[in-house]
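A.B. asks: Below is the file query.txt, which contains compact mmCIF, C-alpha atoms and all ligand atoms.
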```txt
# COMPACT_ATOMS: atom_id res chain seq x y z
CA MET K 1 142.39 34.10 120.80
CA ASN K 2 145.51 33.81 118.73
CA LEU K 3 147.86 36.65 119.67
CA PRO K 4 151.64 36.52 119.44
CA PRO K 5 153.43 36.39 122.82
CA LEU K 6 155.75 39.12 124.09
CA SER K 7 159.42 38.81 123.22
CA SER K 8 161.53 38.00 126.28
CA ASP K 9 163.19 41.46 126.12
CA VAL K 10 159.87 43.30 126.19
CA ARG K 11 158.55 41.02 128.93
CA GLN K 12 161.62 41.63 131.08
CA GLU K 13 161.40 45.38 130.56
CA LEU K 14 157.72 45.48 131.51
CA VAL K 15 158.24 43.27 134.55
CA ALA K 16 160.98 45.63 135.77
CA LEU K 17 158.91 48.71 134.96
CA THR K 18 155.81 47.54 136.84
CA ALA K 19 157.51 45.74 139.75
CA GLY K 20 157.73 48.92 141.83
CA VAL K 21 154.13 49.96 141.13
CA GLU K 22 151.79 48.93 143.92
CA GLY K 23 148.91 46.77 142.71
CA TRP K 24 147.56 43.25 142.46
CA LEU K 25 147.96 42.41 138.78
CA THR K 26 150.17 39.38 138.07
CA VAL K 27 152.74 39.39 135.25
CA GLU K 28 150.66 36.87 133.26
CA GLU K 29 147.59 39.10 133.60
CA GLY K 30 149.68 42.09 132.51
CA GLU K 31 150.87 40.17 129.46
CA LEU K 32 147.26 39.48 128.49
CA LEU K 33 146.44 43.21 128.73
CA TYR K 34 149.52 44.06 126.67
CA ARG K 35 148.76 41.54 123.91
CA LEU K 36 145.12 42.63 123.57
CA ALA K 37 146.04 46.34 123.63
CA ARG K 38 148.72 45.76 121.00
CA ALA K 39 146.12 44.04 118.79
CA CYS K 40 143.73 47.04 118.91
CA THR K 41 143.29 48.78 115.56
CA GLY K 42 142.42 52.27 116.81
CA GLU K 43 138.84 52.02 115.53
CA GLY K 44 137.77 52.46 119.14
CA VAL K 45 139.56 53.37 122.37
CA ILE K 46 140.77 51.28 125.30
CA VAL K 47 138.84 51.93 128.51
CA GLU K 48 140.14 50.99 131.94
CA ILE K 49 137.82 51.27 134.94
CA GLY K 50 139.94 51.37 138.09
CA SER K 51 143.55 52.43 137.53
CA PHE K 52 144.76 52.82 141.14
CA LYS K 53 148.50 53.57 140.82
CA GLY K 54 148.81 52.60 137.18
CA LYS K 55 150.08 49.01 137.13
CA SER K 56 147.47 47.75 134.64
CA THR K 57 147.44 51.12 132.82
CA ILE K 58 151.15 50.73 132.04
CA TRP K 59 150.70 47.21 130.59
CA LEU K 60 147.79 48.45 128.45
CA ALA K 61 149.59 51.60 127.33
CA ARG K 62 152.83 49.84 126.44
CA GLY K 63 150.81 47.31 124.42
CA SER K 64 149.04 50.14 122.67
CA LEU K 65 152.33 51.91 121.87
CA ALA K 66 153.66 48.67 120.36
CA GLY K 67 150.58 48.54 118.10
CA ALA K 68 148.27 51.19 116.64
CA ARG K 69 148.78 53.61 119.57
CA THR K 70 145.13 53.29 120.56
CA ARG K 71 144.23 55.77 123.30
CA VAL K 72 143.85 54.39 126.83
CA VAL K 73 141.11 56.16 128.80
CA ALA K 74 141.97 55.50 132.46
CA ILE K 75 138.93 56.13 134.70
CA ASP K 76 139.28 56.32 138.48
CA PRO K 77 138.13 58.83 141.12
CA HIS K 78 141.49 58.05 142.79
CA THR K 79 139.87 57.98 146.19
CA GLY K 80 140.22 54.19 146.53
CA SER K 81 137.72 51.38 146.98
CA THR K 82 136.18 50.35 150.29
CA GLU K 83 138.99 47.86 150.97
CA HIS K 84 141.65 50.61 150.49
CA ARG K 85 140.20 53.06 153.01
CA HIS K 86 141.64 51.72 156.26
CA ASP K 87 139.98 53.21 159.35
CA GLY K 88 138.15 55.66 157.11
CA ALA K 89 141.41 57.46 156.24
CA PRO K 90 141.17 59.41 152.96
CA VAL K 91 142.91 57.95 149.92
CA TRP K 92 144.41 59.93 147.02
CA THR K 93 146.28 57.91 144.35
CA TYR K 94 146.31 60.37 141.43
CA ASP K 95 149.75 61.90 142.05
CA GLU K 96 151.44 58.51 142.31
CA PHE K 97 149.48 57.31 139.27
CA LEU K 98 150.79 60.22 137.17
CA ALA K 99 154.36 59.76 138.42
CA ASN K 100 154.25 56.04 137.53
CA LEU K 101 152.94 56.78 134.01
CA HIS K 102 155.71 59.34 133.56
CA ARG K 103 158.38 56.88 134.68
CA ALA K 104 157.02 54.29 132.23
CA GLY K 105 157.00 56.80 129.36
CA VAL K 106 153.35 56.21 128.46
CA GLU K 107 151.68 59.58 129.20
CA GLU K 108 151.20 60.46 125.53
CA VAL K 109 148.76 57.60 124.97
CA VAL K 110 146.84 57.74 128.30
CA ARG K 111 143.92 60.06 129.01
CA PRO K 112 143.26 60.05 132.77
CA VAL K 113 139.65 60.69 133.79
CA VAL K 114 139.32 61.49 137.48
CA ALA K 115 135.73 60.38 137.99
CA THR K 116 133.68 57.34 138.85
CA SER K 117 132.79 54.92 136.10
CA ALA K 118 129.16 56.13 136.17
CA GLU K 119 130.15 59.82 135.93
CA ALA K 120 132.50 59.08 133.03
CA ALA K 121 129.97 56.89 131.20
CA ALA K 122 127.38 59.68 131.26
CA HIS K 123 129.53 61.85 128.95
CA PHE K 124 131.30 59.16 126.97
CA ASP K 125 130.31 58.74 123.33
CA GLN K 126 133.32 56.98 121.79
CA LEU K 127 133.41 53.39 120.60
CA VAL K 128 135.35 51.07 122.90
CA GLU K 129 137.63 48.44 121.43
CA LEU K 130 138.97 46.99 124.68
CA LEU K 131 137.29 47.28 128.07
CA PHE K 132 139.03 46.40 131.34
CA ILE K 133 136.85 46.42 134.47
CA ASP K 134 138.75 46.61 137.78
CA GLY K 135 136.93 49.25 139.85
CA ASP K 136 134.67 48.84 142.89
CA HIS K 137 134.34 45.06 143.50
CA ARG K 138 130.93 45.02 145.19
CA TYR K 139 128.41 43.03 143.11
CA GLU K 140 126.03 45.96 142.44
CA MET K 141 128.96 48.14 141.37
CA VAL K 142 130.53 45.56 139.03
CA ARG K 143 127.07 44.93 137.58
CA GLN K 144 126.67 48.69 137.07
CA ASP K 145 130.07 48.93 135.36
CA PHE K 146 129.10 46.09 133.06
CA GLU K 147 125.65 47.53 132.23
CA LEU K 148 127.03 51.03 131.57
CA TRP K 149 130.01 50.04 129.45
CA PHE K 150 129.11 46.81 127.65
CA PRO K 151 126.85 48.69 125.15
CA LYS K 152 129.81 50.95 124.25
CA LEU K 153 132.05 47.97 123.45
CA MET K 154 132.17 47.35 119.71
CA GLU K 155 131.49 43.95 118.17
CA GLY K 156 134.80 42.11 117.90
CA GLY K 157 136.13 44.04 120.92
CA TYR K 158 137.28 42.30 124.11
CA LEU K 159 135.99 42.68 127.64
CA LEU K 160 138.31 41.81 130.52
CA MET K 161 137.25 41.63 134.15
CA HIS K 162 139.77 41.42 137.00
CA ASP K 163 139.39 39.50 140.28
CA THR K 164 136.84 36.98 139.04
CA ILE K 165 138.57 34.42 141.29
CA ARG K 166 137.85 34.61 145.05
CA TRP K 167 136.01 37.96 144.75
CA ALA K 168 132.26 37.35 144.96
CA GLY K 169 131.14 40.46 143.03
CA PRO K 170 133.27 40.22 139.87
CA ARG K 171 133.01 36.39 139.90
CA ARG K 172 129.19 36.52 139.87
CA VAL K 173 129.03 39.14 137.10
CA ALA K 174 131.54 37.15 135.02
CA ARG K 175 129.48 33.98 135.42
CA GLU K 176 126.16 35.68 134.68
CA SER K 177 127.24 38.04 131.91
CA ILE K 178 130.29 36.52 130.21
CA TYR K 179 130.36 32.71 130.59
CA ARG K 180 126.55 32.36 130.30
CA SER K 181 126.04 35.17 127.80
CA ARG K 182 124.90 34.92 124.19
CA ASN K 183 127.15 37.88 123.31
CA PHE K 184 130.60 36.44 124.01
CA ARG K 185 132.86 33.94 122.33
CA HIS K 186 136.55 33.04 122.81
CA VAL K 187 135.91 33.22 126.54
CA GLY K 188 138.70 32.27 128.92
CA PHE K 189 140.67 33.27 131.98
CA VAL K 190 144.25 34.09 132.95
CA HIS K 191 144.64 33.88 136.71
CA SER K 192 141.84 36.12 138.01
CA ILE K 193 141.02 37.87 134.71
CA THR K 194 138.05 36.55 132.75
CA PHE K 195 137.91 37.71 129.14
CA GLY K 196 135.66 37.32 126.11
CA GLN K 197 135.08 38.75 122.64
CA LYS K 198 131.79 40.53 122.03
CA VAL K 199 129.62 39.24 119.17
CA ALA K 200 126.06 40.00 118.03
CA GLU K 201 125.11 36.42 118.86
CA ASN K 202 127.37 33.52 119.66
CA THR K 203 126.90 30.08 118.07
CA PRO K 204 125.76 26.90 119.85
CA ALA K 205 129.39 25.70 119.62
CA ASP K 206 130.56 28.93 121.32
CA ARG K 207 127.98 28.39 124.05
CA TRP K 208 129.13 24.82 124.70
CA ARG K 209 132.72 26.02 124.91
CA ASN K 210 131.76 28.89 127.24
CA ARG K 211 130.00 26.41 129.57
CA TYR K 212 133.09 24.22 129.57
CA LEU K 213 135.20 27.29 130.44
CA LEU K 214 132.73 28.14 133.23
CA LEU K 215 133.26 24.66 134.67
CA LEU K 216 137.05 25.06 134.48
CA HIS K 217 136.82 28.52 136.05
CA THR K 218 134.66 27.18 138.91
CA VAL K 219 137.16 24.37 139.63
CA TYR K 220 140.07 26.84 139.44
CA ASP K 221 138.27 29.16 141.87
CA ARG K 222 137.60 26.33 144.36
CA LEU K 223 141.21 25.13 144.15
CA SER K 224 142.47 28.66 144.84
CA TYR K 225 141.30 28.24 148.45
CA VAL K 226 143.48 25.14 148.97
CA PRO K 227 146.89 26.03 150.43
CA VAL K 228 149.61 24.45 148.24
CA PRO K 229 153.32 25.17 147.73
CA PRO K 230 154.14 27.71 144.96
CA ALA K 231 155.71 25.02 142.71
CA ILE K 232 152.45 23.01 142.66
CA LYS K 233 150.50 26.22 142.08
CA ARG K 234 152.64 26.94 138.99
CA VAL K 235 152.04 23.44 137.60
CA ALA K 236 148.29 23.73 138.24
CA LYS K 237 148.18 27.11 136.44
CA ALA K 238 149.99 25.63 133.44
CA ILE K 239 147.54 22.69 133.34
CA PHE K 240 144.54 25.06 133.42
CA ALA K 241 146.08 27.14 130.62
CA ARG K 242 146.48 23.95 128.51
CA LEU K 243 142.90 22.88 129.23
CA GLN K 244 141.67 26.15 127.68
CA ALA K 245 143.58 25.72 124.41
C1 LIG B 301 141.68 47.11 142.52
S1 LIG B 301 142.03 48.80 142.27
C2 LIG B 301 142.55 48.86 140.59
C3 LIG B 301 143.89 48.25 140.40
C4 LIG B 301 144.57 48.58 139.09
N1 LIG B 301 143.78 48.15 137.94
C5 LIG B 301 145.95 47.94 139.05
O1 LIG B 301 146.21 47.09 138.19
O2 LIG B 301 146.77 48.27 139.92
C6 LIG B 301 140.43 49.48 142.21
C7 LIG B 301 140.38 50.95 141.84
O3 LIG B 301 139.02 51.24 141.51
C8 LIG B 301 138.77 52.59 141.86
N2 LIG B 301 137.32 52.78 141.97
C9 LIG B 301 136.51 52.62 143.04
N3 LIG B 301 135.25 52.90 142.73
C10 LIG B 301 135.25 53.24 141.41
C11 LIG B 301 134.24 53.65 140.49
N4 LIG B 301 132.96 53.75 140.88
N5 LIG B 301 134.60 53.92 139.23
C12 LIG B 301 135.90 53.81 138.82
N6 LIG B 301 136.89 53.42 139.65
C13 LIG B 301 136.57 53.15 140.92
C14 LIG B 301 139.52 52.78 143.16
O4 LIG B 301 139.79 54.16 143.37
C15 LIG B 301 140.77 51.93 142.94
O5 LIG B 301 141.85 52.71 142.54
```
What is this structure when it is put down as structure tokens?

C.D. replies:
Amino acid sequence: MNLPPLSSDVRQELVALTAGVEGWLTVEEGELLYRLARACTGEGVIVEIGSFKGKSTIWLARGSLAGARTRVVAIDPHTGSTEHRHDGAPVWTYDEFLANLHRAGVEEVVRPVVATSAEAAAHFDQLVELLFIDGDHRYEMVRQDFELWFPKLMEGGYLLMHDTIRWAGPRRVARESIYRSRNFRHVGFVHSITFGQKVAENTPADRWRNRYLLLLHTVYDRLSYVPVPPAIKRVAKAIFARLQA
């Protein structure tokens, strides 16, 4: 993947814009979303499964607005995932999501869909150029998201999956269906996001590289359980980024 980085002005603006939005996406993960959204041509749409309060939606939408203004379809029932419903209390994130999009000035390019991924997929007939999966993290649900949406992703389009580090469900689907797949090349990871470009059939060289990336990802995942000071963590992240080049 050879995409130009963000200018420091744009990066600073986006960091400030998303800092007050609750969520778990890191700045480096946001930058990846931005760069891939900016590279979209508009031949298909960008689909996000799991928007919560809009942190990742804003990175995607701002990237899109800096490029071909590809529509971002943001799918979420806005009633939270299992881990968000403390003591069974109801969750409703839609109002905050809309307010955050408004504050970021990205409403014009985002189409919110208040539904589950399965409900939305049943009526969805557009080509997808960029697919970001960050919904329900249980294995069966991540698998379902992948099975429902992967066929809609166009060849040459990118799939991104969040929380493939330390989260058993997304990690297993990423290993089974991205790193070991015959339909992905240019596979890699930025923090907990695993990404790959869809192809009709990858080459033996792609498959060797994907296996190497799987090994790196497995080591990175194991190391994430070791408590180390933030400075060492930063160095380790930089080393893993270099090892993927
Ligand atoms: C981890 S959060 C998403 C975080 C968001 N991408 C961000 O960057 O802040 C997971 C979201 O998935 C949503 N969700 C849960 N089940 C879903 C489903 N079946 N389809 C789509 N979204 C779902 C939840 O409502 C929740 O908002």

A.B. asks: Could you please extract the residues within 7 Å of ligand LIG 301 (chain B), counting only C-alpha atoms and all ligand atoms, and hand them back as a VMD selection string?

C.D. replies: chain K and resid 22 to 25 49 to 57 75 to 81 115 to 118 134 to 136 141

A.B. asks: With a distance cut-off of 12 Å and only C-alpha atoms, select the neighbouring residues of stretch 18-20 of chain K, excluding the residue or stretch itself and same-chain residues fewer than 5 positions from it, and output the selection as an MDAnalysis selection string.

C.D. replies: chainID K and resid 11:13 25:27 30:31 53:60 62 96:97 99:101 103:105

A.B. asks: Please work out which residues fall within 10 Å of (134.7, 37.6, 141.1), coordinates as given in the file, with all atoms listed in the file counting, and return them as a list in words.

C.D. replies: His137, Arg138, Tyr139, Val142, Met161, His162, Asp163, Thr164, Ile165, Arg166, Trp167, Ala168, Gly169, Pro170, Arg171, Arg172, Val173, Ala174, Arg175, Ser192, Ile193, Thr194 and Asp221 of chain K

A.B. asks: Hey, which of K:Glu107, K:Glu140, K:Glu147, K:Glu155 ends up closest to K:Leu127? Count all atoms listed in the file.

C.D. replies: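 With all atoms listed in the file as the atom set, the closest residue is K:Glu155.
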
A.B. asks: Given 3 Å of margin on each side, can you work out the centre and size in Å (one decimal) of an axis-aligned box holding every listed atom of stretch 103-107 of chain K, as AutoDock Vina command-line options?

C.D. replies:
```
--center_x 155.0 --center_y 56.9 --center_z 131.6 --size_x 12.7 --size_y 11.3 --size_z 12.2
```

A.B. asks: If we count all atoms listed in the file, what is near K:Lys198 at a cut-off of 6 Å, once residues fewer than 3 positions away on the same chain are taken out, given as a count of residues only?

C.D. replies: 5

A.B. asks: Counting all atoms listed in the file, which residue out of K:Leu216, K:Asn2, K:Ala120, K:Lys233 sits closest to K:His186?

C.D. replies: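 Between K:Leu216, K:Asn2, K:Ala120, K:Lys233, the residue approaching K:His186 most closely is K:Asn2.
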
A.B. asks: Could you tell me, as a list in words, which residues have any atom at most 10 Å from (151.4, 49.4, 121.2), counting all atoms listed in the file?

C.D. replies: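 Neighbouring residues, ordered by chain and number, come to Tyr34, Arg35, Leu36, Ala37, Arg38, Ala39, Cys40, Thr41, Trp59, Leu60, Ala61, Arg62, Gly63, Ser64, Leu65, Ala66, Gly67, Ala68, Arg69, Thr70, Arg71 and Val109 of chain K.
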
A.B. asks: Considering all atoms listed in the file, can you say which of K:Leu130, K:Ile178, K:Ala121, K:Leu3 comes closest to K:His217?

C.D. replies: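 The closest residue to K:His217 is K:Ile178.
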
A.B. asks: Closest to K:Phe195 among K:Ser224, K:Phe150, K:Leu160, K:Trp92, using all atoms listed in the file?

C.D. replies: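 Under the stated criterion, the closest residue is K:Leu160.
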
A.B. asks: Nearest residue to K:Leu131 out of K:Val47, K:Leu214, K:Val110, K:Ala231, using all atoms listed in the file?

C.D. replies: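 That would be K:Val47, the residue with the smallest distance to K:Leu131.
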
A.B. asks: Using atom CA of K:Ala200 and atom CA of K:Arg242 as the two end points, give the distance in Å to one decimal.

C.D. replies: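 Between these atoms lies a distance of 28.0 Å.
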
A.B. asks: Closest to K:Gln126 among K:Met154, K:Ile232, K:Leu215, K:Val190, using all atoms listed in the file?

C.D. replies: K:Met154
